[in-house]
Amino acid sequence: MRYGIVLFTSDRGITPAEAAAAAEQAGFDAFYVPEHTHIPVVRAAAHPRTGDASLPDDRYLRTLDPWVALATAAAVTSRITLSTAVALPAEHHPITLAKTLASLDHLSGGRVSLGVGFGWNTDELAHHGVPANKRRTVLREHLDAMRAIWSEEEASFAGQFVNFGPSWSWPKPVQKRIPVILGAAGTEQSFTWLAKNADGWLTTPTEDGLDTKIELLHRVWREHERTGTPEVIALAGRHDSDQLAQWAEWGVTEAVFGVPDRDADEVRGYLTRLAGKLGIEAAR
C-alpha cells in the first residue's frame with residue numbers, strides 16, 4: 001500500500017512546494033491539493049460535513065489554484081506523484097485545462113493523476129454555468145474532450161456541453177493515459193459512473209464500511225468489463241496501524257493523510273513522525 005499526503009492549501013503557512021519536497025524527502029509516494037475556484041457568499045448548497053451553508057474551515061475561501069500549486073511542487077521534486085483531492089474540471093473549459101494538465105505532466109516527467117469530484121457546492125458550479133442536475137454529464141464530457149486532445153493529433157469533440165472542431169494541441173502527456181480518480185461517496189451510482197469514466201476511487205473523509213463498498217466497486221468494475229482492478233485511495237485521519245492493515249487486506253491501494261497548513265518546520269516534523277509510524281524510509 002502506498003502512502004500520500006494532502007495539503008489543504010491556503011495563503012497561510014507552508015507552501016505547496018515546501019510540503020511536497022518535505023513529503024518526498026520523508027518517503028511518501030503522493031502529494032494532493034484541493035480546488036475551489038471561489039465560494040459564493042449566498043448559498044443554498046449544504047456542506048456535506050456541516051449539513052448547512054456553514055463551512056467547517058475558512059480555507060475553503062482561501063485555496064490556492066491547484067495547477068499552479070502542483071507546478072511549484074513539480075519543480076522541487078522528482079519522484080512523488082502529483083494529484084488533486086479533488087479538482088472540479090466541470091468549472092474549466094476542457095481545451096485550456098487539457099493544455100494545463102498535459103504541460104504539468106510533461107514538465108513533471110509523467111507524475112500527474114487527476115482526482116475529480118462532481119462538486120457538492122452547486123452554487124459554485126452555477127456561477128460557472130453548470131446546471132446542478134447535469135454535473136455528472138458535464139464532468140464526463142470534459143474528461144472525454146480532454147482525453148481526445150491528449151491522445152489525438154487532430155482532436156475534435158461534439159457533445160451537449162462541449163463542442164470544437166479539429167484542432168492541434170501540444171504537448172501531449174508523458175503518460176499514455178493520465179489516471180482519473182473519482183472522489184465521491186461509495187454508492188452504486190458513483191461506482192457505475194466511475195467504471196465508465198475513471199480509473200479509481202477516492203473515499204470521502206467520513207466514509208465507513210470500506211470492505212463492503214470496495215466489494216461493490218469491484219463488482220461494478222467487472223460488470224462493465226474493465227480489466228485489472230481499480231485504484232482505491234482512502235483518506236485517513238490519525239495513524240492507526242490496525243485500520244491500515246485492514247485497509248490493505250480489503251484492497252485499499254493508497255492511504256492519504258492530511259497535513260496542517262502551519263509553518264514549514266512544524267509540517268516537516270509532523271511528516272517525519274508520521275513516516276516513522278508508517279515504517280517509511282526517508283529518501284537518500
# chains A, B, ... in the order shown; residues from 1 in each chain; ligands from 1
>>> select_by_dssp(residues="region 38-230 of chain A", states="helix (DSSP H, G or I)", output="ChimeraX atom specification")
/A:58-61,66-75,89-91,94-108,122-127,132-151,188-197,210-223
>>> write_last_selection(atoms="C-alpha atoms", output="compact mmCIF listing (two decimals), in the first residue's frame")
# COMPACT_ATOMS: atom_id res chain seq x y z
CA ASP A 58 -12.12 29.08 6.31
CA ARG A 59 -9.53 27.57 3.98
CA TYR A 60 -12.41 26.88 1.58
CA LEU A 61 -12.28 30.63 0.94
CA PRO A 66 -4.29 23.59 -7.74
CA TRP A 67 -2.38 23.59 -11.02
CA VAL A 68 -0.12 26.46 -10.01
CA ALA A 69 0.38 24.76 -6.64
CA LEU A 70 1.30 21.42 -8.25
CA ALA A 71 3.60 23.12 -10.76
CA THR A 72 5.61 24.62 -7.92
CA ALA A 73 5.69 21.18 -6.28
CA ALA A 74 6.85 19.54 -9.53
CA ALA A 75 9.78 21.93 -9.74
CA PRO A 89 -12.94 20.04 -14.14
CA ALA A 90 -16.57 20.96 -14.82
CA GLU A 91 -15.64 24.51 -13.79
CA PRO A 94 -11.63 21.46 -21.32
CA ILE A 95 -9.39 22.85 -24.07
CA THR A 96 -7.46 25.07 -21.66
CA LEU A 97 -7.49 22.56 -18.80
CA ALA A 98 -6.20 19.84 -21.15
CA LYS A 99 -3.28 22.11 -22.06
CA THR A 100 -2.55 22.83 -18.38
CA LEU A 101 -2.58 19.19 -17.33
CA ALA A 102 -0.58 18.00 -20.33
CA SER A 103 2.02 20.70 -19.64
CA LEU A 104 2.21 19.67 -15.98
CA ASP A 105 2.59 16.01 -16.89
CA HIS A 106 5.23 16.89 -19.49
CA LEU A 107 7.26 19.07 -17.14
CA SER A 108 6.98 16.67 -14.19
CA THR A 122 -23.88 23.62 -6.66
CA ASP A 123 -23.90 27.42 -6.21
CA GLU A 124 -20.22 27.50 -7.16
CA LEU A 125 -20.96 25.33 -10.19
CA ALA A 126 -23.86 27.58 -11.18
CA HIS A 127 -21.51 30.57 -11.34
CA ALA A 132 -26.78 21.10 -10.78
CA ASN A 133 -28.67 18.22 -12.39
CA LYS A 134 -26.07 17.94 -15.17
CA ARG A 135 -22.89 17.85 -13.05
CA ARG A 136 -22.06 14.26 -13.95
CA THR A 137 -22.72 14.77 -17.66
CA VAL A 138 -20.60 17.93 -17.80
CA LEU A 139 -17.73 16.22 -15.97
CA ARG A 140 -17.90 13.21 -18.30
CA GLU A 141 -17.86 15.39 -21.41
CA HIS A 142 -14.98 17.49 -20.14
CA LEU A 143 -12.92 14.38 -19.39
CA ASP A 144 -13.75 12.84 -22.78
CA ALA A 145 -12.82 16.06 -24.56
CA MET A 146 -9.51 16.34 -22.70
CA ARG A 147 -8.68 12.71 -23.46
CA ALA A 148 -9.30 13.38 -27.15
CA ILE A 149 -6.89 16.34 -27.03
CA TRP A 150 -4.29 14.30 -25.16
CA SER A 151 -4.39 11.31 -27.49
CA GLU A 188 -23.56 2.05 -6.82
CA GLN A 189 -24.43 5.22 -8.77
CA SER A 190 -20.95 6.66 -8.19
CA PHE A 191 -19.23 3.39 -8.98
CA THR A 192 -21.21 2.96 -12.19
CA TRP A 193 -20.06 6.41 -13.34
CA LEU A 194 -16.53 5.52 -12.25
CA ALA A 195 -16.45 2.25 -14.15
CA LYS A 196 -17.44 4.09 -17.33
CA ASN A 197 -15.23 7.15 -16.92
CA LEU A 210 -15.00 0.26 3.19
CA ASP A 211 -14.86 -3.52 2.93
CA THR A 212 -18.43 -3.73 1.62
CA LYS A 213 -18.03 -0.70 -0.61
CA ILE A 214 -14.80 -1.96 -2.17
CA GLU A 215 -16.51 -5.27 -2.93
CA LEU A 216 -19.31 -3.30 -4.62
CA LEU A 217 -16.79 -1.27 -6.60
CA HIS A 218 -15.03 -4.40 -7.84
CA ARG A 219 -18.36 -5.98 -8.84
CA VAL A 220 -19.47 -2.91 -10.80
CA TRP A 221 -15.99 -2.68 -12.37
CA ARG A 222 -16.24 -6.27 -13.63
CA GLU A 223 -19.82 -5.79 -14.84
>>> select_by_dssp(residues="region 37-240 of chain A", states="strand (DSSP E)", output="list of chain:residue names")
A:Thr81, A:Leu82, A:Ser83, A:Thr84, A:Leu114, A:Gly115, A:Val116, A:Ala155, A:Ser156, A:Phe157, A:Ala158, A:Asn163, A:Phe164, A:Gly165, A:Pro166, A:Ser167, A:Val180, A:Ile181, A:Leu182, A:Gly183, A:Gly200, A:Trp201, A:Leu202, A:Glu231, A:Val232, A:Ile233, A:Ala234, A:Leu235, A:Ala236
>>> atom_distance(atom1="CA of Gly186 (chain A)", atom2="CA of Gly115 (chain A)")
15.0 Å
>>> closest_atom_pairs(of="region 89-159 of chain A", to="region 27-30 of chain A", cutoff="10 Å", atoms="only C-alpha atoms", output="CSV")
residue,atom,partner,partner_atom,distance
A:Arg111,CA,A:Ala30,CA,9.3
A:Val112,CA,A:Ala30,CA,9.8
A:Ser113,CA,A:Ala30,CA,9.8
>>> residues_around(residues="region 242-254 of chain A", least_positions_apart="2", cutoff="8 Å", atoms="only C-alpha atoms", output="VMD selection string")
chain A and resid 1 to 4 210 to 211 214 231 to 234 240 256
>>> write_last_selection(atoms="all heavy atoms", output="short mmCIF file (atom, residue, chain, number, x, y, z; two decimals), in the first residue's frame")
data_model
loop_
_atom_site.label_atom_id
_atom_site.label_comp_id
_atom_site.auth_asym_id
_atom_site.auth_seq_id
_atom_site.Cartn_x
_atom_site.Cartn_y
_atom_site.Cartn_z
N MET A 1 0.85 -1.19 0.00
CA MET A 1 0.00 0.00 0.00
C MET A 1 0.88 1.24 0.00
O MET A 1 1.83 1.34 0.77
CB MET A 1 -0.92 0.00 1.23
CG MET A 1 -2.00 1.05 1.20
SD MET A 1 -3.34 0.75 2.39
CE MET A 1 -2.44 0.81 3.94
N ARG A 2 0.55 2.20 -0.89
CA ARG A 2 1.28 3.45 -0.96
C ARG A 2 0.76 4.41 0.12
O ARG A 2 -0.35 4.23 0.64
CB ARG A 2 1.07 4.10 -2.33
CG ARG A 2 1.78 3.41 -3.47
CD ARG A 2 1.20 3.81 -4.83
NE ARG A 2 0.91 5.23 -4.96
CZ ARG A 2 1.71 6.12 -5.52
NH1 ARG A 2 2.87 5.74 -6.03
NH2 ARG A 2 1.36 7.40 -5.63
N TYR A 3 1.55 5.44 0.38
CA TYR A 3 1.14 6.45 1.35
C TYR A 3 1.31 7.83 0.73
O TYR A 3 2.34 8.13 0.10
CB TYR A 3 1.97 6.36 2.63
CG TYR A 3 1.77 5.06 3.38
CD1 TYR A 3 2.76 4.09 3.39
CD2 TYR A 3 0.58 4.80 4.05
CE1 TYR A 3 2.58 2.89 4.06
CE2 TYR A 3 0.39 3.59 4.72
CZ TYR A 3 1.38 2.65 4.72
OH TYR A 3 1.20 1.46 5.37
N GLY A 4 0.30 8.67 0.90
CA GLY A 4 0.36 10.02 0.37
C GLY A 4 -0.06 11.03 1.42
O GLY A 4 -0.52 10.68 2.51
N LEU A 210 -15.80 0.35 4.41
CA LEU A 210 -15.00 0.26 3.19
C LEU A 210 -14.94 -1.14 2.62
O LEU A 210 -14.87 -1.30 1.40
CB LEU A 210 -13.57 0.76 3.47
CG LEU A 210 -13.36 2.27 3.60
CD1 LEU A 210 -11.88 2.59 3.63
CD2 LEU A 210 -14.04 3.02 2.47
N ASP A 211 -14.94 -2.16 3.46
CA ASP A 211 -14.86 -3.52 2.93
C ASP A 211 -16.03 -3.83 2.01
O ASP A 211 -15.85 -4.32 0.89
CB ASP A 211 -14.79 -4.54 4.07
CG ASP A 211 -15.91 -4.39 5.10
OD1 ASP A 211 -16.57 -3.32 5.12
OD2 ASP A 211 -16.12 -5.34 5.88
N ILE A 214 -15.82 -1.53 -1.22
CA ILE A 214 -14.80 -1.96 -2.17
C ILE A 214 -15.25 -3.20 -2.92
O ILE A 214 -15.02 -3.33 -4.13
CB ILE A 214 -13.45 -2.18 -1.45
CG1 ILE A 214 -12.89 -0.84 -0.96
CG2 ILE A 214 -12.44 -2.86 -2.38
CD1 ILE A 214 -11.69 -0.96 -0.05
N GLU A 231 -7.93 1.54 -8.69
CA GLU A 231 -7.23 2.10 -7.55
C GLU A 231 -8.25 2.45 -6.46
O GLU A 231 -9.36 2.90 -6.78
CB GLU A 231 -6.47 3.36 -7.95
CG GLU A 231 -5.30 3.12 -8.89
CD GLU A 231 -4.16 2.41 -8.20
OE1 GLU A 231 -3.82 2.76 -7.06
OE2 GLU A 231 -3.62 1.47 -8.81
N VAL A 232 -7.88 2.25 -5.21
CA VAL A 232 -8.72 2.67 -4.08
C VAL A 232 -7.85 3.50 -3.15
O VAL A 232 -6.92 2.97 -2.53
CB VAL A 232 -9.34 1.48 -3.34
CG1 VAL A 232 -10.16 1.98 -2.15
CG2 VAL A 232 -10.19 0.63 -4.26
N ILE A 233 -8.16 4.78 -3.06
CA ILE A 233 -7.37 5.71 -2.27
C ILE A 233 -8.23 6.16 -1.10
O ILE A 233 -9.30 6.75 -1.30
CB ILE A 233 -6.91 6.90 -3.12
CG1 ILE A 233 -6.06 6.39 -4.29
CG2 ILE A 233 -6.15 7.91 -2.28
CD1 ILE A 233 -5.81 7.42 -5.36
N ALA A 234 -7.79 5.86 0.11
CA ALA A 234 -8.58 6.14 1.30
C ALA A 234 -8.00 7.31 2.08
O ALA A 234 -6.80 7.35 2.36
CB ALA A 234 -8.64 4.90 2.20
N ASP A 240 -3.40 4.79 12.42
CA ASP A 240 -4.00 3.64 13.11
C ASP A 240 -3.50 2.39 12.38
O ASP A 240 -3.99 2.05 11.31
CB ASP A 240 -5.53 3.74 13.06
CG ASP A 240 -6.23 2.62 13.82
OD1 ASP A 240 -5.68 1.51 13.90
OD2 ASP A 240 -7.35 2.86 14.31
N VAL A 256 -4.03 8.18 2.43
CA VAL A 256 -3.62 9.58 2.32
C VAL A 256 -3.94 10.30 3.64
O VAL A 256 -5.07 10.25 4.12
CB VAL A 256 -4.34 10.28 1.15
CG1 VAL A 256 -3.97 11.75 1.10
CG2 VAL A 256 -3.98 9.60 -0.16
#
>>> residues_around(residues="Gly279 (chain A)", least_positions_apart="2", cutoff="12 Å", atoms="only C-alpha atoms", output="MDAnalysis selection string")
chainID A and resid 1:3 26:28 239 241 271:277 281:282
>>> write_last_selection(atoms="C-alpha atoms", output="PDB file, in the first residue's frame")
ATOM      1  CA  MET A   1       0.000   0.000   0.000  1.00  0.00           C
ATOM      2  CA  ARG A   2       1.275   3.449  -0.955  1.00  0.00           C
ATOM      3  CA  TYR A   3       1.143   6.452   1.350  1.00  0.00           C
ATOM      4  CA  ALA A  26      10.228  11.710   4.212  1.00  0.00           C
ATOM      5  CA  GLY A  27       9.458   8.880   1.762  1.00  0.00           C
ATOM      6  CA  PHE A  28       5.800   9.481   0.885  1.00  0.00           C
ATOM      7  CA  HIS A 239      -2.373   6.967  12.199  1.00  0.00           C
ATOM      8  CA  SER A 241      -1.901   0.580  12.277  1.00  0.00           C
ATOM      9  CA  LEU A 271       5.786  14.232   8.335  1.00  0.00           C
ATOM     10  CA  THR A 272       8.947  12.781   9.864  1.00  0.00           C
ATOM     11  CA  ARG A 273       6.999  11.431  12.844  1.00  0.00           C
ATOM     12  CA  LEU A 274       4.211  10.039  10.626  1.00  0.00           C
ATOM     13  CA  ALA A 275       6.708   8.370   8.293  1.00  0.00           C
ATOM     14  CA  GLY A 276       8.328   6.721  11.281  1.00  0.00           C
ATOM     15  CA  LYS A 277       4.999   5.296  12.454  1.00  0.00           C
ATOM     16  CA  GLU A 281      12.215   5.078   4.714  1.00  0.00           C
ATOM     17  CA  ALA A 282      13.342   8.638   4.061  1.00  0.00           C
TER      18      ALA A 282
END
>>> decode(residues="region 136-152 of chain A", atoms="all heavy atoms", output="PDB file, in the first residue's frame")
ATOM      1  N   ARG A 136     -22.744  15.477 -13.522  1.00  0.00           N
ATOM      2  CA  ARG A 136     -22.061  14.257 -13.951  1.00  0.00           C
ATOM      3  C   ARG A 136     -21.857  14.238 -15.463  1.00  0.00           C
ATOM      4  O   ARG A 136     -20.819  13.791 -15.955  1.00  0.00           O
ATOM      5  CB  ARG A 136     -22.854  13.033 -13.489  1.00  0.00           C
ATOM      6  CG  ARG A 136     -22.834  12.848 -11.968  1.00  0.00           C
ATOM      7  CD  ARG A 136     -23.893  11.857 -11.501  1.00  0.00           C
ATOM      8  NE  ARG A 136     -23.821  11.629 -10.067  1.00  0.00           N
ATOM      9  CZ  ARG A 136     -24.294  12.479  -9.152  1.00  0.00           C
ATOM     10  NH1 ARG A 136     -24.890  13.600  -9.538  1.00  0.00           N
ATOM     11  NH2 ARG A 136     -24.176  12.218  -7.867  1.00  0.00           N
ATOM     12  N   THR A 137     -22.841  14.720 -16.197  1.00  0.00           N
ATOM     13  CA  THR A 137     -22.721  14.769 -17.657  1.00  0.00           C
ATOM     14  C   THR A 137     -21.636  15.749 -18.082  1.00  0.00           C
ATOM     15  O   THR A 137     -20.820  15.451 -18.960  1.00  0.00           O
ATOM     16  CB  THR A 137     -24.067  15.176 -18.285  1.00  0.00           C
ATOM     17  OG1 THR A 137     -25.073  14.246 -17.878  1.00  0.00           O
ATOM     18  CG2 THR A 137     -23.971  15.194 -19.800  1.00  0.00           C
ATOM     19  N   VAL A 138     -21.617  16.926 -17.460  1.00  0.00           N
ATOM     20  CA  VAL A 138     -20.604  17.927 -17.795  1.00  0.00           C
ATOM     21  C   VAL A 138     -19.212  17.390 -17.493  1.00  0.00           C
ATOM     22  O   VAL A 138     -18.284  17.513 -18.312  1.00  0.00           O
ATOM     23  CB  VAL A 138     -20.859  19.238 -17.043  1.00  0.00           C
ATOM     24  CG1 VAL A 138     -19.705  20.219 -17.261  1.00  0.00           C
ATOM     25  CG2 VAL A 138     -22.177  19.876 -17.495  1.00  0.00           C
ATOM     26  N   LEU A 139     -19.040  16.775 -16.317  1.00  0.00           N
ATOM     27  CA  LEU A 139     -17.733  16.223 -15.967  1.00  0.00           C
ATOM     28  C   LEU A 139     -17.311  15.150 -16.963  1.00  0.00           C
ATOM     29  O   LEU A 139     -16.160  15.134 -17.427  1.00  0.00           O
ATOM     30  CB  LEU A 139     -17.761  15.651 -14.553  1.00  0.00           C
ATOM     31  CG  LEU A 139     -16.469  14.992 -14.067  1.00  0.00           C
ATOM     32  CD1 LEU A 139     -15.286  15.947 -14.133  1.00  0.00           C
ATOM     33  CD2 LEU A 139     -16.645  14.453 -12.642  1.00  0.00           C
ATOM     34  N   ARG A 140     -18.227  14.265 -17.336  1.00  0.00           N
ATOM     35  CA  ARG A 140     -17.899  13.212 -18.302  1.00  0.00           C
ATOM     36  C   ARG A 140     -17.462  13.816 -19.631  1.00  0.00           C
ATOM     37  O   ARG A 140     -16.447  13.395 -20.203  1.00  0.00           O
ATOM     38  CB  ARG A 140     -19.099  12.294 -18.513  1.00  0.00           C
ATOM     39  CG  ARG A 140     -18.879  11.261 -19.617  1.00  0.00           C
ATOM     40  CD  ARG A 140     -20.105  10.398 -19.841  1.00  0.00           C
ATOM     41  NE  ARG A 140     -21.300  11.156 -20.132  1.00  0.00           N
ATOM     42  CZ  ARG A 140     -21.581  11.706 -21.305  1.00  0.00           C
ATOM     43  NH1 ARG A 140     -20.720  11.616 -22.320  1.00  0.00           N
ATOM     44  NH2 ARG A 140     -22.715  12.368 -21.487  1.00  0.00           N
ATOM     45  N   GLU A 141     -18.208  14.797 -20.121  1.00  0.00           N
ATOM     46  CA  GLU A 141     -17.860  15.390 -21.413  1.00  0.00           C
ATOM     47  C   GLU A 141     -16.509  16.100 -21.348  1.00  0.00           C
ATOM     48  O   GLU A 141     -15.710  16.013 -22.289  1.00  0.00           O
ATOM     49  CB  GLU A 141     -18.945  16.370 -21.861  1.00  0.00           C
ATOM     50  CG  GLU A 141     -20.191  15.685 -22.380  1.00  0.00           C
ATOM     51  CD  GLU A 141     -21.074  16.619 -23.208  1.00  0.00           C
ATOM     52  OE1 GLU A 141     -20.676  17.778 -23.452  1.00  0.00           O
ATOM     53  OE2 GLU A 141     -22.160  16.174 -23.615  1.00  0.00           O
ATOM     54  N   HIS A 142     -16.253  16.797 -20.263  1.00  0.00           N
ATOM     55  CA  HIS A 142     -14.978  17.493 -20.142  1.00  0.00           C
ATOM     56  C   HIS A 142     -13.814  16.504 -20.119  1.00  0.00           C
ATOM     57  O   HIS A 142     -12.777  16.746 -20.756  1.00  0.00           O
ATOM     58  CB  HIS A 142     -14.979  18.373 -18.898  1.00  0.00           C
ATOM     59  CG  HIS A 142     -15.760  19.643 -19.059  1.00  0.00           C
ATOM     60  ND1 HIS A 142     -15.432  20.823 -18.434  1.00  0.00           N
ATOM     61  CD2 HIS A 142     -16.868  19.922 -19.804  1.00  0.00           C
ATOM     62  CE1 HIS A 142     -16.285  21.768 -18.778  1.00  0.00           C
ATOM     63  NE2 HIS A 142     -17.170  21.236 -19.602  1.00  0.00           N
ATOM     64  N   LEU A 143     -13.976  15.398 -19.410  1.00  0.00           N
ATOM     65  CA  LEU A 143     -12.924  14.378 -19.395  1.00  0.00           C
ATOM     66  C   LEU A 143     -12.744  13.764 -20.782  1.00  0.00           C
ATOM     67  O   LEU A 143     -11.612  13.575 -21.246  1.00  0.00           O
ATOM     68  CB  LEU A 143     -13.253  13.291 -18.371  1.00  0.00           C
ATOM     69  CG  LEU A 143     -13.162  13.685 -16.902  1.00  0.00           C
ATOM     70  CD1 LEU A 143     -13.676  12.543 -16.024  1.00  0.00           C
ATOM     71  CD2 LEU A 143     -11.733  14.044 -16.505  1.00  0.00           C
ATOM     72  N   ASP A 144     -13.849  13.437 -21.449  1.00  0.00           N
ATOM     73  CA  ASP A 144     -13.753  12.842 -22.776  1.00  0.00           C
ATOM     74  C   ASP A 144     -13.077  13.799 -23.762  1.00  0.00           C
ATOM     75  O   ASP A 144     -12.261  13.389 -24.601  1.00  0.00           O
ATOM     76  CB  ASP A 144     -15.141  12.466 -23.297  1.00  0.00           C
ATOM     77  CG  ASP A 144     -15.726  11.244 -22.607  1.00  0.00           C
ATOM     78  OD1 ASP A 144     -14.965  10.532 -21.920  1.00  0.00           O
ATOM     79  OD2 ASP A 144     -16.936  10.998 -22.769  1.00  0.00           O
ATOM     80  N   ALA A 145     -13.420  15.076 -23.665  1.00  0.00           N
ATOM     81  CA  ALA A 145     -12.820  16.058 -24.563  1.00  0.00           C
ATOM     82  C   ALA A 145     -11.325  16.199 -24.301  1.00  0.00           C
ATOM     83  O   ALA A 145     -10.515  16.269 -25.236  1.00  0.00           O
ATOM     84  CB  ALA A 145     -13.518  17.408 -24.395  1.00  0.00           C
ATOM     85  N   MET A 146     -10.934  16.234 -23.023  1.00  0.00           N
ATOM     86  CA  MET A 146      -9.507  16.336 -22.701  1.00  0.00           C
ATOM     87  C   MET A 146      -8.752  15.099 -23.173  1.00  0.00           C
ATOM     88  O   MET A 146      -7.641  15.206 -23.701  1.00  0.00           O
ATOM     89  CB  MET A 146      -9.322  16.549 -21.203  1.00  0.00           C
ATOM     90  CG  MET A 146      -9.757  17.928 -20.725  1.00  0.00           C
ATOM     91  SD  MET A 146      -9.179  18.356 -19.064  1.00  0.00           S
ATOM     92  CE  MET A 146     -10.047  17.156 -18.062  1.00  0.00           C
ATOM     93  N   ARG A 147      -9.343  13.940 -23.009  1.00  0.00           N
ATOM     94  CA  ARG A 147      -8.677  12.712 -23.464  1.00  0.00           C
ATOM     95  C   ARG A 147      -8.495  12.714 -24.978  1.00  0.00           C
ATOM     96  O   ARG A 147      -7.489  12.201 -25.487  1.00  0.00           O
ATOM     97  CB  ARG A 147      -9.475  11.497 -23.000  1.00  0.00           C
ATOM     98  CG  ARG A 147      -9.289  11.197 -21.505  1.00  0.00           C
ATOM     99  CD  ARG A 147     -10.293  10.207 -21.004  1.00  0.00           C
ATOM    100  NE  ARG A 147      -9.976   9.776 -19.641  1.00  0.00           N
ATOM    101  CZ  ARG A 147     -10.874   9.327 -18.770  1.00  0.00           C
ATOM    102  NH1 ARG A 147     -12.154   9.224 -19.127  1.00  0.00           N
ATOM    103  NH2 ARG A 147     -10.513   8.968 -17.552  1.00  0.00           N
ATOM    104  N   ALA A 148      -9.461  13.264 -25.698  1.00  0.00           N
ATOM    105  CA  ALA A 148      -9.298  13.378 -27.148  1.00  0.00           C
ATOM    106  C   ALA A 148      -8.112  14.277 -27.473  1.00  0.00           C
ATOM    107  O   ALA A 148      -7.275  13.947 -28.329  1.00  0.00           O
ATOM    108  CB  ALA A 148     -10.579  13.922 -27.779  1.00  0.00           C
ATOM    109  N   ILE A 149      -8.000  15.406 -26.790  1.00  0.00           N
ATOM    110  CA  ILE A 149      -6.890  16.337 -27.026  1.00  0.00           C
ATOM    111  C   ILE A 149      -5.563  15.688 -26.681  1.00  0.00           C
ATOM    112  O   ILE A 149      -4.560  15.862 -27.388  1.00  0.00           O
ATOM    113  CB  ILE A 149      -7.109  17.627 -26.216  1.00  0.00           C
ATOM    114  CG1 ILE A 149      -8.297  18.408 -26.779  1.00  0.00           C
ATOM    115  CG2 ILE A 149      -5.850  18.494 -26.203  1.00  0.00           C
ATOM    116  CD1 ILE A 149      -8.753  19.569 -25.917  1.00  0.00           C
ATOM    117  N   TRP A 150      -5.535  14.927 -25.593  1.00  0.00           N
ATOM    118  CA  TRP A 150      -4.286  14.297 -25.157  1.00  0.00           C
ATOM    119  C   TRP A 150      -3.826  13.180 -26.081  1.00  0.00           C
ATOM    120  O   TRP A 150      -2.636  12.891 -26.166  1.00  0.00           O
ATOM    121  CB  TRP A 150      -4.455  13.729 -23.748  1.00  0.00           C
ATOM    122  CG  TRP A 150      -4.637  14.766 -22.677  1.00  0.00           C
ATOM    123  CD1 TRP A 150      -4.198  16.052 -22.705  1.00  0.00           C
ATOM    124  CD2 TRP A 150      -5.306  14.590 -21.427  1.00  0.00           C
ATOM    125  NE1 TRP A 150      -4.547  16.700 -21.538  1.00  0.00           N
ATOM    126  CE2 TRP A 150      -5.228  15.824 -20.744  1.00  0.00           C
ATOM    127  CE3 TRP A 150      -5.961  13.518 -20.818  1.00  0.00           C
ATOM    128  CZ2 TRP A 150      -5.780  16.003 -19.472  1.00  0.00           C
ATOM    129  CZ3 TRP A 150      -6.513  13.699 -19.563  1.00  0.00           C
ATOM    130  CH2 TRP A 150      -6.424  14.921 -18.890  1.00  0.00           C
ATOM    131  N   SER A 151      -4.746  12.533 -26.763  1.00  0.00           N
ATOM    132  CA  SER A 151      -4.389  11.312 -27.492  1.00  0.00           C
ATOM    133  C   SER A 151      -4.417  11.439 -29.007  1.00  0.00           C
ATOM    134  O   SER A 151      -3.858  10.590 -29.703  1.00  0.00           O
ATOM    135  CB  SER A 151      -5.332  10.174 -27.075  1.00  0.00           C
ATOM    136  OG  SER A 151      -6.675  10.480 -27.405  1.00  0.00           O
ATOM    137  N   GLU A 152      -5.054  12.473 -29.542  1.00  0.00           N
ATOM    138  CA  GLU A 152      -5.231  12.581 -30.983  1.00  0.00           C
ATOM    139  C   GLU A 152      -4.413  13.737 -31.546  1.00  0.00           C
ATOM    140  O   GLU A 152      -4.330  14.803 -30.935  1.00  0.00           O
ATOM    141  CB  GLU A 152      -6.717  12.776 -31.312  1.00  0.00           C
ATOM    142  CG  GLU A 152      -7.597  11.611 -30.876  1.00  0.00           C
ATOM    143  CD  GLU A 152      -9.078  11.897 -31.018  1.00  0.00           C
ATOM    144  OE1 GLU A 152      -9.421  12.882 -31.724  1.00  0.00           O
ATOM    145  OE2 GLU A 152      -9.890  11.162 -30.423  1.00  0.00           O
TER     146      GLU A 152
END
